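target_31.cif follows; it contains mmCIF, C-alpha atoms.
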data_input
#
loop_
_atom_site.label_atom_id
_atom_site.label_comp_id
_atom_site.auth_asym_id
_atom_site.auth_seq_id
_atom_site.Cartn_x
_atom_site.Cartn_y
_atom_site.Cartn_z
CA MET W 93 86.22 177.56 319.47
CA SER W 94 89.94 178.19 319.61
CA SER W 95 91.45 181.60 320.16
CA ARG W 96 92.11 183.75 317.09
CA ARG W 97 93.83 186.88 318.36
CA ARG W 98 94.54 189.62 315.87
CA ALA W 99 94.32 193.39 315.74
CA ASP W 100 91.01 195.04 314.93
CA ASP W 101 90.53 195.89 311.25
CA PRO W 102 89.56 199.58 311.31
CA THR W 103 87.99 199.32 307.85
CA LEU W 104 85.53 196.67 309.00
CA HIS W 105 82.21 198.10 310.14
CA GLY W 106 78.55 197.60 309.38
CA VAL W 107 75.49 195.60 310.37
CA LEU W 108 74.90 191.86 310.10
CA LEU W 109 71.49 190.17 309.92
CA VAL W 110 72.09 186.84 311.66
CA ASP W 111 69.63 183.94 311.74
CA LYS W 112 70.29 182.76 315.31
CA PRO W 113 70.01 179.01 315.87
CA LYS W 114 68.27 177.49 318.89
CA GLY W 115 70.41 177.04 322.00
CA PRO W 116 73.08 179.77 322.17
CA THR W 117 72.42 183.08 323.86
CA SER W 118 72.52 186.31 321.88
CA HIS W 119 75.85 187.01 323.59
CA ASP W 120 77.16 183.64 322.35
CA VAL W 121 76.39 184.70 318.77
CA VAL W 122 78.11 188.06 319.33
CA ALA W 123 81.17 186.22 320.70
CA TRP W 124 81.20 184.02 317.59
CA VAL W 125 81.12 187.06 315.28
CA ARG W 126 83.96 188.62 317.30
CA TRP W 127 85.99 185.44 316.92
CA VAL W 128 85.32 185.03 313.19
CA LEU W 129 86.09 188.65 312.30
CA GLY W 130 88.82 189.16 314.88
CA LEU W 131 87.10 192.27 316.28
CA ARG W 132 86.34 193.46 319.79
CA ARG W 133 83.62 196.00 318.92
CA VAL W 134 80.61 193.81 318.19
CA GLY W 135 77.17 193.96 319.82
CA HIS W 136 73.61 192.85 319.18
CA CYS W 137 70.56 195.11 318.85
CA GLY W 138 67.74 193.26 320.59
CA THR W 139 68.12 190.11 322.70
CA LEU W 140 66.70 186.75 321.65
CA ASP W 141 66.22 184.12 324.36
CA PRO W 142 68.42 181.00 324.01
CA ALA W 143 65.47 178.84 322.94
CA ALA W 144 64.32 181.38 320.35
CA THR W 145 65.56 181.49 316.77
CA GLY W 146 65.67 184.00 313.95
CA MET W 147 66.70 187.58 313.28
CA LEU W 148 69.48 188.95 315.46
CA VAL W 149 70.76 192.34 314.28
CA VAL W 150 74.49 192.61 315.05
CA GLY W 151 76.53 195.81 314.89
CA VAL W 152 80.19 195.52 313.89
CA GLY W 153 82.95 198.05 314.50
CA ALA W 154 81.91 201.71 314.43
CA ALA W 155 78.34 200.66 313.53
CA THR W 156 77.80 199.55 317.16
CA LYS W 157 77.00 203.23 317.78
CA LEU W 158 73.73 202.68 315.88
CA ALA W 159 72.42 200.23 318.50
CA PRO W 160 69.98 202.70 320.16
CA PHE W 161 68.22 203.26 316.83
CA LEU W 162 68.21 199.64 315.66
CA THR W 163 67.10 198.22 319.02
CA GLY W 164 63.99 200.40 319.09
CA GLN W 165 62.40 198.90 315.99
CA ASP W 166 59.20 196.83 315.83
CA LYS W 167 59.76 193.07 315.68
CA GLY W 168 57.97 190.33 313.76
CA TYR W 169 57.56 186.82 315.20
CA ARG W 170 56.13 183.40 314.58
CA ALA W 171 55.08 182.13 317.99
CA CYS W 172 53.75 178.87 319.36
CA PHE W 173 51.81 178.98 322.63
CA MET W 174 51.08 175.90 324.73
CA LEU W 175 47.87 175.91 326.77
CA GLY W 176 47.47 173.59 329.73
CA ALA W 177 50.82 174.07 331.46
CA SER W 178 52.82 176.96 332.92
CA THR W 179 56.55 177.04 333.71
CA THR W 180 58.95 179.01 335.87
CA THR W 181 60.45 180.78 332.84
CA ALA W 182 57.18 181.13 330.85
CA ASP W 183 58.76 179.07 328.06
CA ALA W 184 59.55 175.42 327.38
CA GLN W 185 62.95 175.64 329.10
CA GLY W 186 61.53 176.14 332.61
CA GLU W 187 60.28 173.76 335.25
CA LEU W 188 56.60 172.88 335.36
CA VAL W 189 54.62 175.09 337.74
CA GLU W 190 51.02 174.17 337.01
CA GLU W 191 49.32 171.67 334.73
CA ARG W 192 45.62 171.56 333.98
CA PRO W 193 43.83 169.68 331.19
CA CYS W 194 42.27 171.88 328.49
CA PRO W 195 38.52 171.16 328.53
CA PRO W 196 36.87 169.81 325.38
CA GLY W 197 35.77 172.49 322.94
CA CYS W 198 37.93 175.30 324.35
CA GLU W 199 39.67 175.54 320.97
CA ALA W 200 36.69 177.63 319.84
CA ASP W 201 37.60 180.31 322.41
CA VAL W 202 41.16 180.73 321.15
CA PRO W 203 40.54 183.27 318.32
CA ALA W 204 38.79 185.73 320.66
CA ALA W 205 41.54 185.33 323.27
CA LEU W 206 44.20 186.05 320.64
CA ALA W 207 42.27 189.11 319.46
CA ALA W 208 42.28 190.40 323.05
CA LEU W 209 46.09 190.53 322.92
CA CYS W 210 46.06 193.09 320.11
CA GLY W 211 46.74 196.73 320.83
CA ALA W 212 48.43 198.35 323.80
CA GLN W 213 49.08 196.13 326.82
CA SER W 214 50.56 196.67 330.26
CA LEU W 215 52.14 193.40 331.34
CA PRO W 216 54.92 192.39 333.75
CA PRO W 217 58.01 190.91 332.07
CA PRO W 218 58.89 187.30 332.94
CA ALA W 219 60.87 186.83 336.15
CA TYR W 220 63.54 185.10 334.05
CA SER W 221 64.54 188.13 331.98
CA ALA W 222 67.56 190.41 331.57
CA ILE W 223 65.90 193.35 333.33
CA HIS W 224 68.00 194.92 336.09
CA VAL W 225 66.59 194.77 339.62
CA GLU W 226 68.65 196.73 342.15
CA GLY W 227 71.79 196.21 340.09
CA GLN W 228 71.25 192.54 339.33
CA ARG W 229 69.65 190.71 336.41
CA ALA W 230 66.17 189.41 337.18
CA HIS W 231 67.03 185.94 335.84
CA ALA W 232 70.03 185.73 338.19
CA LEU W 233 67.81 186.54 341.17
CA ALA W 234 65.21 184.01 340.02
CA ARG W 235 67.81 181.27 339.65
CA ALA W 236 69.10 182.09 343.14
CA GLY W 237 65.66 181.29 344.53
CA GLN W 238 64.48 184.85 344.93
CA ALA W 239 61.26 186.05 343.35
CA PRO W 240 61.87 189.44 341.73
CA VAL W 241 58.72 191.53 341.43
CA LEU W 242 58.76 193.28 338.06
CA ASP W 243 56.46 196.20 337.36
CA ALA W 244 54.14 196.03 334.37
CA ARG W 245 55.56 197.58 331.23
CA PRO W 246 53.92 198.92 328.08
CA MET W 247 53.86 196.42 325.23
CA THR W 248 51.99 196.82 321.96
CA VAL W 249 50.82 194.14 319.55
CA HIS W 250 50.39 196.00 316.27
CA ALA W 251 49.08 193.00 314.34
CA LEU W 252 48.36 189.36 315.11
CA THR W 253 47.32 186.63 312.68
CA PRO W 254 46.07 183.36 314.20
CA GLY W 255 47.53 180.12 312.88
CA ARG W 256 46.82 176.46 313.56
CA VAL W 257 45.18 175.36 316.78
CA THR W 258 46.13 171.74 317.54
CA ARG W 259 45.10 169.56 320.45
CA ARG W 260 47.93 167.46 321.82
CA GLY W 261 46.45 165.22 324.47
CA ASP W 262 45.35 167.40 327.38
CA ARG W 263 47.13 170.43 325.97
CA ILE W 264 46.44 172.77 323.06
CA GLU W 265 49.10 174.27 320.81
CA VAL W 266 48.31 177.68 319.31
CA GLU W 267 50.33 179.20 316.47
CA ALA W 268 50.32 182.89 315.56
CA THR W 269 52.32 185.48 313.64
CA MET W 270 52.62 188.97 315.08
CA LEU W 271 54.21 192.38 314.81
CA VAL W 272 55.05 193.93 318.18
CA SER W 273 56.69 197.01 319.62
CA LYS W 274 60.08 197.30 321.26
CA GLY W 275 60.03 195.94 324.79
CA THR W 276 57.32 193.34 324.15
CA TYR W 277 57.95 190.00 325.83
CA VAL W 278 56.17 187.28 323.88
CA ARG W 279 56.44 185.05 326.95
CA SER W 280 54.31 187.62 328.80
CA LEU W 281 51.78 187.46 325.96
CA ALA W 282 51.69 183.67 326.35
CA GLU W 283 50.78 183.99 330.00
CA ALA W 284 48.19 186.68 329.17
CA LEU W 285 46.62 184.36 326.59
CA GLY W 286 46.30 181.71 329.27
CA ARG W 287 44.63 184.15 331.65
CA HIS W 288 42.06 185.09 328.98
CA LEU W 289 41.21 181.39 328.65
CA GLY W 290 41.47 180.52 332.35
CA LEU W 291 44.32 178.11 331.68
CA PRO W 292 48.03 177.89 332.53
CA ALA W 293 50.14 178.62 329.47
CA HIS W 294 53.67 179.15 328.24
CA LEU W 295 55.59 179.98 325.07
CA SER W 296 56.74 176.73 323.49
CA ALA W 297 58.59 178.12 320.44
CA LEU W 298 59.54 181.51 319.00
CA HIS W 299 61.08 182.59 315.70
CA ARG W 300 61.86 186.25 314.97
CA THR W 301 61.16 186.90 311.31
CA ARG W 302 62.00 190.58 311.10
CA SER W 303 63.38 193.60 312.92
CA GLY W 304 62.29 196.97 311.59
CA ALA W 305 62.66 196.96 307.81
CA PHE W 306 64.93 193.88 307.85
CA ASP W 307 63.78 190.31 307.39
CA LEU W 308 65.53 187.00 306.91
CA GLU W 309 64.57 186.96 303.23
CA ASP W 310 67.28 189.58 302.64
CA SER W 311 69.94 188.10 300.35
CA ARG W 312 72.67 189.25 302.75
CA ALA W 313 71.23 187.61 305.85
CA VAL W 314 73.64 185.18 307.50
CA THR W 315 71.68 181.93 307.49
CA GLY W 316 72.52 178.26 307.95
CA LEU W 317 74.26 178.57 311.33
CA VAL W 318 74.37 175.43 313.45
CA ALA W 319 75.07 175.17 317.17
CA GLN W 320 76.42 172.19 319.07
CA ARG W 321 76.80 171.77 322.83
CA VAL W 322 80.38 170.76 323.67
CA GLU W 323 82.36 170.20 326.83
CA SER W 324 84.50 173.13 327.91
CA GLU W 325 88.23 172.88 327.28
CA ARG W 326 88.74 174.04 330.86
CA SER W 327 86.76 173.04 333.91
CA GLY W 328 83.31 174.56 333.66
CA PRO W 329 79.88 174.05 332.15
CA PRO W 330 79.44 172.94 328.53
CA ARG W 331 79.41 175.72 325.95
CA TRP W 332 77.98 176.24 322.50
CA ARG W 333 80.08 175.82 319.39
CA ILE W 334 78.61 177.81 316.50
CA GLY W 335 79.56 177.15 312.91
CA LEU W 336 78.64 177.70 309.29
CA PRO W 337 78.82 174.31 307.51
CA SER W 338 78.87 175.96 304.08
CA CYS W 339 82.30 177.44 304.91
CA GLU W 340 85.13 174.95 305.36
CA THR W 341 87.67 177.24 307.03
CA PRO W 342 87.62 180.17 309.48
CA GLU W 343 88.94 182.39 306.70
CA ALA W 344 86.04 181.40 304.43
CA THR W 345 83.60 182.10 307.25
CA ALA W 346 85.12 185.54 307.81
CA GLU W 347 84.86 186.34 304.11
CA HIS W 348 81.24 185.15 304.14
CA LEU W 349 80.39 187.59 306.94
CA ARG W 350 82.33 190.46 305.37
CA ALA W 351 80.38 190.05 302.13
CA ARG W 352 77.10 190.35 304.05
CA LEU W 353 77.85 193.47 306.05
CA LEU W 354 75.35 196.26 305.48
CA MET W 355 76.91 199.70 305.49
CA PRO W 356 75.59 201.98 308.27
CA SER W 357 73.78 204.15 305.71
CA GLU W 358 71.89 201.03 304.53
CA ALA W 359 70.90 200.00 308.05
CA VAL W 360 69.61 203.16 309.75
CA PRO W 361 65.79 203.31 310.12
CA MET W 362 65.46 206.90 308.91
CA PRO W 363 65.86 209.02 305.77
CA VAL W 364 69.46 209.28 304.56
CA LEU W 365 70.87 212.46 303.04
CA ARG W 366 73.89 211.55 300.91
CA VAL W 367 76.69 214.07 300.55
CA SER W 368 78.94 214.10 297.49
CA ASP W 369 82.74 214.28 297.58
CA ASP W 370 82.62 217.93 296.55
CA GLU W 371 80.17 218.83 299.31
CA CYS W 372 81.95 216.79 301.97
CA GLY W 373 84.77 219.30 302.37
CA ASN W 374 82.65 222.35 303.14
CA ARG W 375 82.56 223.85 306.62
CA ALA W 376 79.00 222.73 307.36
CA MET W 377 79.88 219.07 306.77
CA GLN W 378 83.05 219.38 308.81
CA ARG W 379 81.08 220.87 311.70
CA LEU W 380 78.43 218.16 311.47
CA ALA W 381 81.05 215.38 311.43
CA ALA W 382 82.60 217.00 314.52
CA GLY W 383 79.25 216.74 316.32
CA GLN W 384 78.40 220.44 316.12
CA VAL W 385 74.87 221.78 315.68
CA LEU W 386 73.83 223.35 312.35
CA SER W 387 71.19 226.04 311.98
CA LEU W 388 68.89 225.51 308.99
CA PRO W 389 68.76 226.40 306.25
CA ASP W 390 72.54 226.15 305.90
CA PRO W 391 74.13 226.90 302.54
CA GLY W 392 76.55 224.04 303.09
CA LEU W 393 73.85 221.39 303.55
CA PRO W 394 72.64 219.85 300.29
CA GLU W 395 68.95 220.29 299.57
CA PRO W 396 66.28 219.19 299.55
CA TYR W 397 66.65 217.53 302.92
CA PRO W 398 63.71 215.39 304.06
CA ALA W 399 60.70 217.27 305.40
CA GLY W 400 58.27 216.08 308.04
CA VAL W 401 60.78 213.94 309.95
CA ASP W 402 62.35 214.49 313.34
CA ARG W 403 65.57 212.60 312.64
CA LEU W 404 67.74 211.92 309.61
CA ALA W 405 71.14 210.50 308.77
CA VAL W 406 73.79 212.30 306.75
CA ALA W 407 76.12 209.96 304.84
CA LEU W 408 79.57 211.41 304.19
CA PRO W 409 81.71 209.63 301.58
CA ARG W 410 84.96 210.22 303.43
CA GLY W 411 85.55 207.53 306.03
CA PRO W 412 82.87 206.65 305.07
CA ALA W 413 81.09 208.37 307.94
CA LEU W 414 77.48 208.65 309.01
CA VAL W 415 75.94 211.30 311.25
CA VAL W 416 72.56 210.62 312.85
CA ALA W 417 70.99 213.96 313.71
CA ARG W 418 67.72 215.24 315.16
CA LEU W 419 65.78 218.08 313.58
CA ASP W 420 64.81 220.37 316.45
CA GLU W 421 62.03 222.84 315.70
CA SER W 422 62.50 225.57 318.30
CA PRO W 423 63.01 229.34 318.27
CA PRO W 424 64.80 231.00 316.62
CA GLY W 425 64.61 228.27 313.96
CA THR W 426 65.30 224.68 312.96
CA ARG W 427 68.54 223.08 314.10
CA LEU W 428 70.21 219.87 313.00
CA ARG W 429 71.56 218.39 316.22
CA PRO W 430 73.97 215.38 315.90
CA GLU W 431 73.13 212.42 318.15
CA ARG W 432 75.62 209.83 316.87
CA VAL W 433 78.69 210.31 314.70
CA VAL W 434 79.71 206.97 313.19
CA VAL W 435 83.26 207.34 311.89
CA PRO W 436 85.47 204.27 311.38
CA PRO W 437 88.90 204.71 312.98
CA THR W 438 91.78 205.65 310.71
CA PRO W 439 94.08 202.68 309.94
CA HIS W 440 97.54 202.91 311.48
CA PRO W 441 100.30 203.42 308.92
#
Please rewrite the model in this file as C-alpha cells.
Amino acid sequence: MSSRRRADDPTLHGVLLVDKPKGPTSHDVVAWVRWVLGLRRVGHCGTLDPAATGMLVVGVGAATKLAPFLTGQDKGYRACFMLGASTTTADAQGELVEERPCPPGCEADVPAALAALCGAQSLPPPAYSAIHVEGQRAHALARAGQAPVLDARPMTVHALTPGRVTRRGDRIEVEATMLVSKGTYVRSLAEALGRHLGLPAHLSALHRTRSGAFDLEDSRAVTGLVAQRVESERSGPPRWRIGLPSCETPEATAEHLRARLLMPSEAVPMPVLRVSDDECGNRAMQRLAAGQVLSLPDPGLPEPYPAGVDRLAVALPRGPALVVARLDESPPGTRLRPERVVVPPTPHP
C-alpha cells in the first residue's frame, strides 16, 4: 500500500470489529486500519495467528485505552484439528515433526477425547507464540533454532460442541466449536487432543466467531476483506496487501470504516452509567473525568448506579468521554476509583 500521510483526526475514536482474512498478521491488519484512517493510535485487542481468520477487535484513537478490558474477554472459535501428524508450530503452517497413521475405528474415541478438553486446563503454549522469554518473543527464538521452554498456563474451555469427524486417508479431521477463556491457545488444545488419543496432532484451521459480547453477525462488523501477497516495493520479503473490494477508493474505504466504529460506551464489557449534559458539569463528574476517586454515595453521581458489580463505566456527553472505574468496597465505605479515562484530544483551532 502506498503512503497516505496526514494528521490524526482527534474526533475519530472507537472500536472496530474486523473479520481478519487468512494470511496477514494481526499487526498487518492494524497497519492497514492506520493507513486507511490516517491515524497512528490503532491497536488490536487479542492476537490472531496469520493462518487464523475471524474476529479481530481493533481500538482506534482514544479507545485504544480500553484494550486491557477488551483483551480479557472469552473467545468463540470454530476449530479444525488434524490427527495423525504434528508440526513445529502446532498448526498447518509448520514443518512436519511426526506422522503416524490413525488406526481403523479410532474415530469412535474422538467424542470422549474432546470432552476431556472441557473445563480448566494447564497447558504449555506453543513454542511458536508471541510470549516473551527473557526479553525475546518465543517464536523468534524458535525460528533461530532455539527451543524455548514455556511453562504451562491456565486455559479454560467453557463449552465445546463436537462437529464432523472425517477420515482423510491415514489422517482424521475433527471439527469443533468452542468458547474459551483469555489466554487459551487452541493450538495447545490440538496437541492435548492428540495426547488423549495417543496420536500426533495439530490445528489445521481456526476461525474466531466472537470476542466477549461481539460476534461477526453484528451489522457494523467490517467483513469482506481480502489479502494478497505482493512483492515489496523495496528490497525485502513479500508483504500482504489488504483491501476491501466493495470500496473502489481509499476515501470510500475510510468512510466505510468510520461508519462502523463503535463508540467506547458501546464497546466496554461492563455496565454503563450515562450522564446527562446537566449532570456533566457538576464537581463530581469533573473530578471523575480528572481521574480522582469518588466516595459513595456522592450527590453528584446520578443514581441508581449498578449494584453487585466491581467495575462500571461512566459515559460523559462532553468529549464524549468515558471513565472506566472500579467499585472498591473497603472501610470507611465504597469508593469509585477510575482505572481508565478515555477522552478524545481536543481538535486544534
Residue neighbourhood Glu265 of chain W, 9 Å, all atoms listed in the file, exclusion window fewer than 2 positions, as a VMD selection string: chain W and resid 172 to 175 256 to 260 263 267 296
Notebook entry, point to check: What does the PyMOL selection byres ((chain W and resi 123-130) around 10) select in this file, as a ChimeraX atom specification?
Noted result: /W:93-101,104,108,110,117-122,131-135,150-153,332-335,342-350
Create the file for the chosen residues now, containing C-alpha atoms and written as a JSON list (two decimals), in the frame of the given file.
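This is the output file part_3.json:
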[["chain", "number", "residue", "atom", "x", "y", "z"],
["W", 93, "MET", "CA", 86.22, 177.56, 319.47],
["W", 94, "SER", "CA", 89.94, 178.19, 319.61],
["W", 95, "SER", "CA", 91.45, 181.60, 320.16],
["W", 96, "ARG", "CA", 92.11, 183.75, 317.09],
["W", 97, "ARG", "CA", 93.83, 186.88, 318.36],
["W", 98, "ARG", "CA", 94.54, 189.62, 315.87],
["W", 99, "ALA", "CA", 94.32, 193.39, 315.74],
["W", 100, "ASP", "CA", 91.01, 195.04, 314.93],
["W", 101, "ASP", "CA", 90.53, 195.89, 311.25],
["W", 104, "LEU", "CA", 85.53, 196.67, 309.00],
["W", 108, "LEU", "CA", 74.90, 191.86, 310.10],
["W", 110, "VAL", "CA", 72.09, 186.84, 311.66],
["W", 117, "THR", "CA", 72.42, 183.08, 323.86],
["W", 118, "SER", "CA", 72.52, 186.31, 321.88],
["W", 119, "HIS", "CA", 75.85, 187.01, 323.59],
["W", 120, "ASP", "CA", 77.16, 183.64, 322.35],
["W", 121, "VAL", "CA", 76.39, 184.70, 318.77],
["W", 122, "VAL", "CA", 78.11, 188.06, 319.33],
["W", 131, "LEU", "CA", 87.10, 192.27, 316.28],
["W", 132, "ARG", "CA", 86.34, 193.46, 319.79],
["W", 133, "ARG", "CA", 83.62, 196.00, 318.92],
["W", 134, "VAL", "CA", 80.61, 193.81, 318.19],
["W", 135, "GLY", "CA", 77.17, 193.96, 319.82],
["W", 150, "VAL", "CA", 74.49, 192.61, 315.05],
["W", 151, "GLY", "CA", 76.53, 195.81, 314.89],
["W", 152, "VAL", "CA", 80.19, 195.52, 313.89],
["W", 153, "GLY", "CA", 82.95, 198.05, 314.50],
["W", 332, "TRP", "CA", 77.98, 176.24, 322.50],
["W", 333, "ARG", "CA", 80.08, 175.82, 319.39],
["W", 334, "ILE", "CA", 78.61, 177.81, 316.50],
["W", 335, "GLY", "CA", 79.56, 177.15, 312.91],
["W", 342, "PRO", "CA", 87.62, 180.17, 309.48],
["W", 343, "GLU", "CA", 88.94, 182.39, 306.70],
["W", 344, "ALA", "CA", 86.04, 181.40, 304.43],
["W", 345, "THR", "CA", 83.60, 182.10, 307.25],
["W", 346, "ALA", "CA", 85.12, 185.54, 307.81],
["W", 347, "GLU", "CA", 84.86, 186.34, 304.11],
["W", 348, "HIS", "CA", 81.24, 185.15, 304.14],
["W", 349, "LEU", "CA", 80.39, 187.59, 306.94],
["W", 350, "ARG", "CA", 82.33, 190.46, 305.37]]
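Across the model, the gap from atom CA of Ala159 of chain W to atom CA of Leu295 of chain W is 27.1 Å.
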For this file, the PyMOL selection byres ((chain W and resi 160-165) around 12) selects which residues, as a VMD selection string?
chain W and resid 107 to 109 135 to 140 148 to 151 155 to 159 166 to 168 271 to 276 302 to 306 356 358 to 362 403 to 405 416 to 417 431 to 432
### Task
Take the PyMOL selection byres ((chain W and resi 312) around 9), apply it to the structure above, and return the hits as a PyMOL selection string.
chain W and resi 108-109+308-311+313-315+349+351-354
Would you kindly return, as a ChimeraX atom specification, each protein, DNA or RNA residue with an atom no farther than 8 Å from any atom of Arg279 of chain W, considering all atoms listed in the file and excluding same-chain residues fewer than 6 positions away? /W:182-183,217-218,294-295
To one decimal place in Å, what is the distance between atom CA of Thr180 of chain W and atom CA of Pro113 of chain W?
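Taking atom CA of Thr180 of chain W and atom CA of Pro113 of chain W, their separation equals 22.9 Å.
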_Using only C-alpha atoms, which protein or nucleic acid residues come within 6 Å of segment 199-215 of chain W? Drop anything in the same chain fewer than 4 positions from it, and give the result as an MDAnalysis selection string._
chainID W and resid 244:250 288
Please return as a ChimeraX atom specification every residue within 9 Å of (71.2, 177.2, 323.1), taking into account all atoms listed in the file and the file's own coordinates.
/W:113-117,120,141-144,319-321,331-332
*Rank nothing, just name the residue among W:Leu188, W:Cys194, W:Val401, W:Val322 nearest to Gly261 of chain W, using only C-alpha atoms.*
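Of the candidates, the smallest distance to Gly261 of chain W is held by W:Cys194.
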Exercise for review: Name all residues at most 6 Å from Leu336 of chain W (count all atoms listed in the file; drop same-chain ones fewer than 2 positions away) and give them as a list in words.
Suggested key: Leu317, Ser338 and Cys339 of chain W
To one decimal place, how far is atom CA of Ala407 of chain W from atom CA of Met355 of chain W in Å?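 A separation of 10.3 Å between them.
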Which residue, W:Pro329, W:Pro423, W:Gly316, W:Pro430, has the smallest gap to Gly383 of chain W when you use all atoms listed in the file?
->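 That would be W:Pro430, the residue with the smallest distance to Gly383 of chain W.
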### Task
Write out as number ranges by chain the residues lying within 7 Å of Leu298 of chain W, counting only C-alpha atoms and excluding same-chain residues fewer than 2 positions away.
W: 144-145, 169-172, 300
Using C-alpha atoms, can you export the residues from the last selection as a PDB file, in the coordinates of the input?
ATOM      1  CA  ALA W 144      64.320 181.380 320.350  1.00  0.00           C
ATOM      2  CA  THR W 145      65.560 181.490 316.770  1.00  0.00           C
ATOM      3  CA  TYR W 169      57.560 186.820 315.200  1.00  0.00           C
ATOM      4  CA  ARG W 170      56.130 183.400 314.580  1.00  0.00           C
ATOM      5  CA  ALA W 171      55.080 182.130 317.990  1.00  0.00           C
ATOM      6  CA  CYS W 172      53.750 178.870 319.360  1.00  0.00           C
ATOM      7  CA  ARG W 300      61.860 186.250 314.970  1.00  0.00           C
TER       8      ARG W 300
END
So that all listed atoms of segment 317-322 of chain W fit with 6 Å spare on each side, what axis-aligned box centre and edge lengths in Å, to one decimal, would you give as lines of an AutoDock Vina configuration file?
center_x = 77.3
center_y = 174.7
center_z = 317.5
size_x = 18.1
size_y = 19.8
size_z = 24.3
